[in-house]
Every structure is written in C-alpha cells, then in structure tokens.
Amino acid sequence: MGKQARFQLSFLAPAIALFGLFVLWPLGQALYLSLFKWSGLSANKTFIGLENYTRLARDEVFRGAVGHSAWLLVVVGFLIFVLALGLAHAMNLPGRISKAVRSFFLFPHVMSLVAVAILWRFVFDPTKGGLANGILGQQVDWLGQKSTALPSVGAAFLWYSLGFYVLLFMAALSQRDHEVMEAAELDGTSPWVKFSQVTWPMIWSVRRVAVIYLAINVANVFALVWIMTAGGPDRATETMLTVLYQVGFAQSKFGYASAMAVTNLILVALITAGIMTATRRYPA
Amino acid sequence: MTKTVGRGALIVYGVLVLLPLAWLLVSSLKTGAEILASPWSFPASPQFQNFANAWSDPQRPIGPAFVNSVIVTVFTLLILIPVGAMAAYVLAKHPFRGSKVVLGLFMSGLMFPHFLTIVPLFKLVQTLGLLNTMSGLVLVYVAYSLSFTIFVLYGFFEGLPDALLEAATLDGCTQSGAFWKVMFPLVKPGVIVVAIFNAIGFWNEYSLALVLFSSGGKTTLPVRIADMATARQYESDWGALFAGVVIVVVPILVAYWFFRDRIQVAMTAGSVK
C-alpha cells in the first residue's frame, strides 16, 4: 500500500467503522429481522418469510397509526406550508416588528421535543390552569377525548415546526432573481400576479424540499406524541413510531417491530419519490 | 394595505411563539395550587425553591442527569469533529476511485429516520456490552451525526484552493501534518457551525437515549424530564416540573441567541441551492 493510500485509509477508517457498525449494519439487520419471529433471545428466532408484513397489513392498530400520520401530513402539513410561505413574505418587510420576530421565531424549533411535549401537554391540560382552557374560558379535556386529541398534538407539532419552514422559505425568497423581481415591479404587476407568476415558480426547488421534509418529519414524530398522549386516548393519537416502540420494547416482538420499521421506510420513500415525480415539471 | 396585513400577521405569530414560553417561565415560579388555579396569575411570591426541588428530587433528580447530558454532549463533539473532519477532508481533497460511493453511503444517513434502526441497534449495543453506558450513547451519537457533519465540512474543504495544500506539502509537511496545521484551521467557520448544531441535537436528543441509556437511574436530561412529567401525571408538584423544563430549555435558548446566524445557516444547508 502506497503512502497516499495509507494516509487516505487512516483518515477514513474511524468514520467508516463507526458509521458501518452503528448505522448501516442495523439498517441491514432491520430488513433481515423483519422476516423472523423473534422475541430477542437468539434461540427463539424463527424464519417466517413475509408473514410479519401480511399480519401488518391487517393490523388495525398499525393501520390506524398510518391514518393518523397521513392526517397530520395532509392537514397540519398543508397549514404549515401555507402559513410559512405567508410569514416568510411578511418577515421580509422592513421595520422593527420583523426584526424582532426574526430574533426569536426559531426558539420552538431549537428546544428539545421533550420540552415542547411537556409544555403543550400542560397547554392542553383539562383543568382551568391549562393555557388553552385559560384562553377560551372553558374546561375541555383536550388530550383526553378522542375528537380533540389528535388536533391538539397537531397544534403542538405546528408550533414546533413552523419556524423551520418559515426559515426555509425566507432563504428561498432572498435568492429570487432580483432583476426579474424588479422588472415585475416596474411593470406595475399586482402583488398576486407577482406572487403566482414570478415568485411561486422561482421557489420551486424549496417548495419541493419543504414538502419532502414535512413527509419525513411527520412520519417520524415520536417523542412529541409519546410524551403528550402515549398514543391515547384509546389509540386516537397512535402514530407509526409509537406503535413500533411499544411492540418492540414493551412486547419484545423484535421481528414484527422491524417489519414496521421497514414499512415506515418504504412508505416515506414512496411518498418522497411521488413528490419528486409530481413536481418534475419545472426543470431545476 | 398588504404591509399592514403582513405586520399584523407577524405580531400574531410572535405572540403565539412567545406566549407558551412566557407562561412556562412564570409557571416555574408558581406553587402547584397557583398553576392549577389560572394560567394568567403571577406568583404571590416567586418560588425559587421549585428549581432546587427539581434539581435534587429524591426519586428523579435533574442534577445528575444534567451532568450526564453535559458529559455526553462534550465527549460526542470531541470525537465527532476530528473523525468527521478527517473523512470529509479525504473525500473532498484526496479523492480516489470509489470515493464518490463512500460519500454517497455517508449521505444516505441523511435520508432515513434514525429511529428505524432502533431494534437492531439496541441488540447491537447490548451485545457490545455498552447498553446503559455513556460511552455507548456517545459512540452511537457520533455515528448518527457523521452524515450531516461530513456533508457540511465536505463543502467547506471543497472550497479551499488546492494551491494551499501544495504549498504546505512543499514546505515539508506530511499529508496529515498539512491537514492539522493548514487545512483544518481554515475550515474553522464550518467546524463551529456543525459543532453548535450538533451540540443542540445531542442536548435535546430523546429517543435513542430512552432506549440505550435509561436504566438504573442513570440517564440524560431529556429522558429524565420526560420521566418526571409522566410520573407526575396525577401529582401536584407542577412547579418543580416546570422548573425542570426551564432547566432543559434555557441553555439551548441562550446558545441559540448567541449563534443564531450560524445555526440558521446550518439548518438550511443543502436545502436551498
């Protein structure tokens, strides 16, 4: 081995070793284990082929969880997208207000999700000491009844995530072609036409990234739901990863939990690929 | 007209961001009874005792968990930065046949959610005898942050002119000498960005710590505080719980305040071209 090769190898080896051992190997293992019935003890590992997957397809709890994730993605995701796009425009306004908001709008997003979850659990506390009840002057058991539990978790998710998407769109808006924007300005174009004909097509790539991030983040919301509701009441807020966690670590069904992990990965990959294809009409 | 609407929306947004945080802060100084009575009242006398109670709670003290979180965050960074920088440097400045594949493998770590490997990862860490140890958690954190770290530092190294490297080697530096004495110091801005961004992530991390480092009373701050919140569901010492949450959040908000421009750069890295 030459001097150069030895140098390259010695610099890369620690990273490759750690990444291979703790990231790639478990990822491969998840695929492999999903084909077994396994309670975690090596002696009781039985190969059952795709049975975990066929069971999963009929599993009411898991299907419910996928439905809740889909609801969060479509309803809350849509709200986040629209609000972030609007607020990013407002943030570009000159003046003290936008300067002040810019200094703290990412606070929720840099906080630990655990802190966000605890905070919002008490915002929706059933007593009149909860912030939501305090504002509305009512006493609603937000997280304790099925009809309001998922929207309440959605509100916490919105509060936590919105800033990041505002930041994304702010970055996109600041990178618009200034000459084109000025030309539109000179032509006396109305704000709506300027937005729909100029800005919207120009921020195409960031729109796409934002939707993909939303899909990934919604599919992987765990800490927030787990701490706010633990999937309850009566499984009304169960999401893919809360089910996975219980099946894997409370019930020790490692093979079945791995099949859930793989299914989650496939669903996210399909959604991402779908978005990529559907938004291909503007060439980058 | 549009400007008025825009400013109005910003004010509403600002209030909605700050209101829960202000409520958290005020509540952390109230008694349990005061918290339950109304979210709008101020404490009759500020209960600084809440913080002491949370810090040295007999069952779930925040204090040791805080120390653990500091240790885990610091040690993870101390390993991650050199390991990540060395790899990024070779991939950016000394490419070889197949180096694009190696880079692609590292980048694949950005694509999939880390929780998905949790079951095999748990078994692996157990087999290695690292379950419920800080070293185990540190190594896992390093491994799962390499993708982002290499991705950002690769960009920084790529931007350095090759002439610098040639000059350093002509001066008699070995390849690794050229890296540590010349190239690594030049990407300091990038190192700071990834260090801050990763540190916030380690400080906040919950899911991996919950599974890999949370038994025998030893754990990190987020797991401990979540545990406190769940256990206290029907108890009344809310003041201490709110104080605990303030202890988790304040270091991050202070760090964010000082480094917010750099953090924003790190957050949008790769998504805006």
# chains A, B, ... in the order shown; residues from 1 in each chain; ligands from 1

$ select_by_dssp --residues "region 24-125 of chain A" --states "strand (DSSP E or B)" --output "list in words"
Phe36, Lys37, Thr46 and Phe47 of chain A

$ interface_residues --of "chain B" --to "chain A" --cutoff "6 Å" --atoms "only C-alpha atoms" --output "PyMOL selection string"
chain B and resi 6+14+35-39+83+86-87+116-117+120-121+143+204+245+249

$ atom_distance --atom1 "CA of Arg176 (chain A)" --atom2 "CA of Thr279 (chain A)"
18.9 Å

$ closest_residue --among "B:Val12, B:Leu103, B:Ala195, B:Ala163" --to "Ala255 (chain B)" --atoms "only C-alpha atoms"
B:Ala195

$ residues_around --residues "Ser207 (chain B)" --least-positions-apart "2" --cutoff "9 Å" --atoms "only C-alpha atoms" --output "PDB file with N, CA, C and O atoms, in the first residue's frame"
ATOM      1  N   PHE A 222     -42.166  11.044  17.138  1.00  0.00           N
ATOM      2  CA  PHE A 222     -42.267  10.048  18.196  1.00  0.00           C
ATOM      3  C   PHE A 222     -42.326  10.699  19.578  1.00  0.00           C
ATOM      4  O   PHE A 222     -43.324  10.574  20.290  1.00  0.00           O
ATOM      5  N   ALA A 223     -41.270  11.416  19.945  1.00  0.00           N
ATOM      6  CA  ALA A 223     -41.166  11.962  21.296  1.00  0.00           C
ATOM      7  C   ALA A 223     -42.387  12.812  21.640  1.00  0.00           C
ATOM      8  O   ALA A 223     -42.948  12.712  22.728  1.00  0.00           O
TER       9      ALA A 223
ATOM     10  N   PHE B 115     -34.640   6.463  13.969  1.00  0.00           N
ATOM     11  CA  PHE B 115     -35.388   5.605  14.879  1.00  0.00           C
ATOM     12  C   PHE B 115     -35.650   4.236  14.252  1.00  0.00           C
ATOM     13  O   PHE B 115     -35.903   3.265  14.956  1.00  0.00           O
ATOM     14  N   ILE B 118     -33.715   1.228  15.418  1.00  0.00           N
ATOM     15  CA  ILE B 118     -33.632   1.160  16.880  1.00  0.00           C
ATOM     16  C   ILE B 118     -33.588  -0.266  17.422  1.00  0.00           C
ATOM     17  O   ILE B 118     -32.843  -0.536  18.356  1.00  0.00           O
ATOM     18  N   GLU B 205     -31.608  15.331  22.475  1.00  0.00           N
ATOM     19  CA  GLU B 205     -31.997  14.022  21.954  1.00  0.00           C
ATOM     20  C   GLU B 205     -32.735  13.175  22.988  1.00  0.00           C
ATOM     21  O   GLU B 205     -32.337  13.085  24.141  1.00  0.00           O
ATOM     22  N   ALA B 209     -31.561   7.954  23.507  1.00  0.00           N
ATOM     23  CA  ALA B 209     -31.184   7.892  24.924  1.00  0.00           C
ATOM     24  C   ALA B 209     -32.202   7.074  25.715  1.00  0.00           C
ATOM     25  O   ALA B 209     -31.837   6.319  26.614  1.00  0.00           O
ATOM     26  N   LEU B 210     -33.469   7.186  25.356  1.00  0.00           N
ATOM     27  CA  LEU B 210     -34.522   6.436  26.050  1.00  0.00           C
ATOM     28  C   LEU B 210     -34.265   4.940  25.953  1.00  0.00           C
ATOM     29  O   LEU B 210     -34.409   4.202  26.924  1.00  0.00           O
ATOM     30  N   VAL B 211     -33.845   4.491  24.759  1.00  0.00           N
ATOM     31  CA  VAL B 211     -33.667   3.060  24.544  1.00  0.00           C
ATOM     32  C   VAL B 211     -32.278   2.589  24.999  1.00  0.00           C
ATOM     33  O   VAL B 211     -32.124   1.496  25.528  1.00  0.00           O
ATOM     34  N   LEU B 212     -31.256   3.434  24.802  1.00  0.00           N
ATOM     35  CA  LEU B 212     -29.885   2.959  25.011  1.00  0.00           C
ATOM     36  C   LEU B 212     -29.256   3.365  26.344  1.00  0.00           C
ATOM     37  O   LEU B 212     -28.253   2.801  26.756  1.00  0.00           O
ATOM     38  N   VAL B 223     -34.562  12.546  28.879  1.00  0.00           N
ATOM     39  CA  VAL B 223     -35.253  11.334  29.326  1.00  0.00           C
ATOM     40  C   VAL B 223     -35.745  11.520  30.756  1.00  0.00           C
ATOM     41  O   VAL B 223     -36.873  11.162  31.104  1.00  0.00           O
TER      42      VAL B 223
END

$ atom_distance --atom1 "CA of Ile266 (chain A)" --atom2 "CA of Gly201 (chain B)"
25.7 Å

$ atom_distance --atom1 "CA of Leu79 (chain A)" --atom2 "CA of Arg262 (chain B)"
27.6 Å

$ select_by_dssp --residues "region 97-283 of chain A" --states "alpha helix (DSSP H)" --output "ChimeraX atom specification"
/A:97-104,107-110,113-123,131-136,146-174,178-186,191-193,200-202,204-219,223-228,240-245,254-278

$ residues_around --residues "Phe151 (chain B)" --least-positions-apart "2" --cutoff "10 Å" --atoms "only C-alpha atoms" --output "PyMOL selection string"
chain B and resi 84-85+88+103-104+106-107+110+146-149+153-156+194+269-270

$ residues_around --residues "Leu25 (chain B)" --least-positions-apart "3" --cutoff "8 Å" --atoms "only C-alpha atoms" --output "PyMOL selection string"
chain B and resi 21-22+28-29+242-243+246

$ write_last_selection --atoms "all heavy atoms" --output "compact mmCIF listing (two decimals), in the first residue's frame"
# COMPACT_ATOMS: atom_id res chain seq x y z
N LEU B 21 -43.97 30.15 26.01
CA LEU B 21 -42.67 30.20 26.69
C LEU B 21 -42.74 31.10 27.92
O LEU B 21 -42.19 30.77 28.98
CB LEU B 21 -41.60 30.71 25.72
CG LEU B 21 -41.28 29.76 24.57
CD1 LEU B 21 -40.33 30.41 23.57
CD2 LEU B 21 -40.67 28.47 25.11
N ALA B 22 -43.43 32.23 27.79
CA ALA B 22 -43.57 33.14 28.93
C ALA B 22 -44.38 32.45 30.04
O ALA B 22 -44.03 32.53 31.22
CB ALA B 22 -44.28 34.42 28.49
N SER B 28 -42.95 28.35 36.31
CA SER B 28 -41.87 27.68 37.03
C SER B 28 -41.61 28.37 38.37
O SER B 28 -40.89 27.84 39.21
CB SER B 28 -40.60 27.67 36.19
OG SER B 28 -40.05 28.97 36.10
N LEU B 29 -42.21 29.55 38.58
CA LEU B 29 -42.02 30.26 39.85
C LEU B 29 -43.29 30.25 40.70
O LEU B 29 -43.37 30.91 41.72
CB LEU B 29 -41.59 31.71 39.57
CG LEU B 29 -40.22 31.85 38.90
CD1 LEU B 29 -39.97 33.28 38.46
CD2 LEU B 29 -39.11 31.38 39.83
N PHE B 242 -42.20 22.33 35.91
CA PHE B 242 -41.97 23.48 35.03
C PHE B 242 -40.55 24.01 35.20
O PHE B 242 -39.89 24.36 34.23
CB PHE B 242 -42.99 24.58 35.31
CG PHE B 242 -44.30 24.38 34.61
CD1 PHE B 242 -45.35 23.72 35.23
CD2 PHE B 242 -44.50 24.85 33.32
CE1 PHE B 242 -46.56 23.52 34.57
CE2 PHE B 242 -45.70 24.65 32.66
CZ PHE B 242 -46.73 23.98 33.29
N ALA B 243 -40.08 24.02 36.45
CA ALA B 243 -38.70 24.46 36.69
C ALA B 243 -37.72 23.54 35.96
O ALA B 243 -36.75 24.00 35.36
CB ALA B 243 -38.41 24.48 38.19
N VAL B 246 -37.63 24.38 32.36
CA VAL B 246 -36.84 25.61 32.16
C VAL B 246 -35.35 25.28 32.15
O VAL B 246 -34.59 25.78 31.33
CB VAL B 246 -37.18 26.66 33.25
CG1 VAL B 246 -36.20 27.82 33.20
CG2 VAL B 246 -38.60 27.16 33.06

$ residues_around --residues "Ala44 (chain B)" --least-positions-apart "6" --cutoff "10 Å" --atoms "only C-alpha atoms" --output "list in words"
Leu29, Lys30, Thr31 and Glu34 of chain B

$ write_last_selection --atoms "all heavy atoms" --output "compact mmCIF listing (two decimals), in the first residue's frame"
# COMPACT_ATOMS: atom_id res chain seq x y z
N LEU B 29 -42.21 29.55 38.58
CA LEU B 29 -42.02 30.26 39.85
C LEU B 29 -43.29 30.25 40.70
O LEU B 29 -43.37 30.91 41.72
CB LEU B 29 -41.59 31.71 39.57
CG LEU B 29 -40.22 31.85 38.90
CD1 LEU B 29 -39.97 33.28 38.46
CD2 LEU B 29 -39.11 31.38 39.83
N LYS B 30 -44.31 29.47 40.25
CA LYS B 30 -45.56 29.43 40.98
C LYS B 30 -45.65 28.17 41.84
O LYS B 30 -44.92 27.19 41.60
CB LYS B 30 -46.75 29.44 40.01
CG LYS B 30 -46.98 30.82 39.36
CD LYS B 30 -47.77 30.68 38.08
CE LYS B 30 -49.26 30.93 38.26
NZ LYS B 30 -49.96 31.06 36.97
N THR B 31 -46.57 28.16 42.79
CA THR B 31 -46.83 26.92 43.52
C THR B 31 -47.78 26.07 42.68
O THR B 31 -48.44 26.57 41.77
CB THR B 31 -47.52 27.20 44.87
OG1 THR B 31 -48.81 27.78 44.59
CG2 THR B 31 -46.71 28.17 45.72
N GLU B 34 -51.25 27.44 42.59
CA GLU B 34 -51.37 28.65 41.76
C GLU B 34 -51.42 28.30 40.27
O GLU B 34 -52.15 28.92 39.50
CB GLU B 34 -50.18 29.59 42.02
CG GLU B 34 -50.28 30.36 43.32
CD GLU B 34 -49.02 31.16 43.63
OE1 GLU B 34 -47.91 30.73 43.22
OE2 GLU B 34 -49.13 32.20 44.27
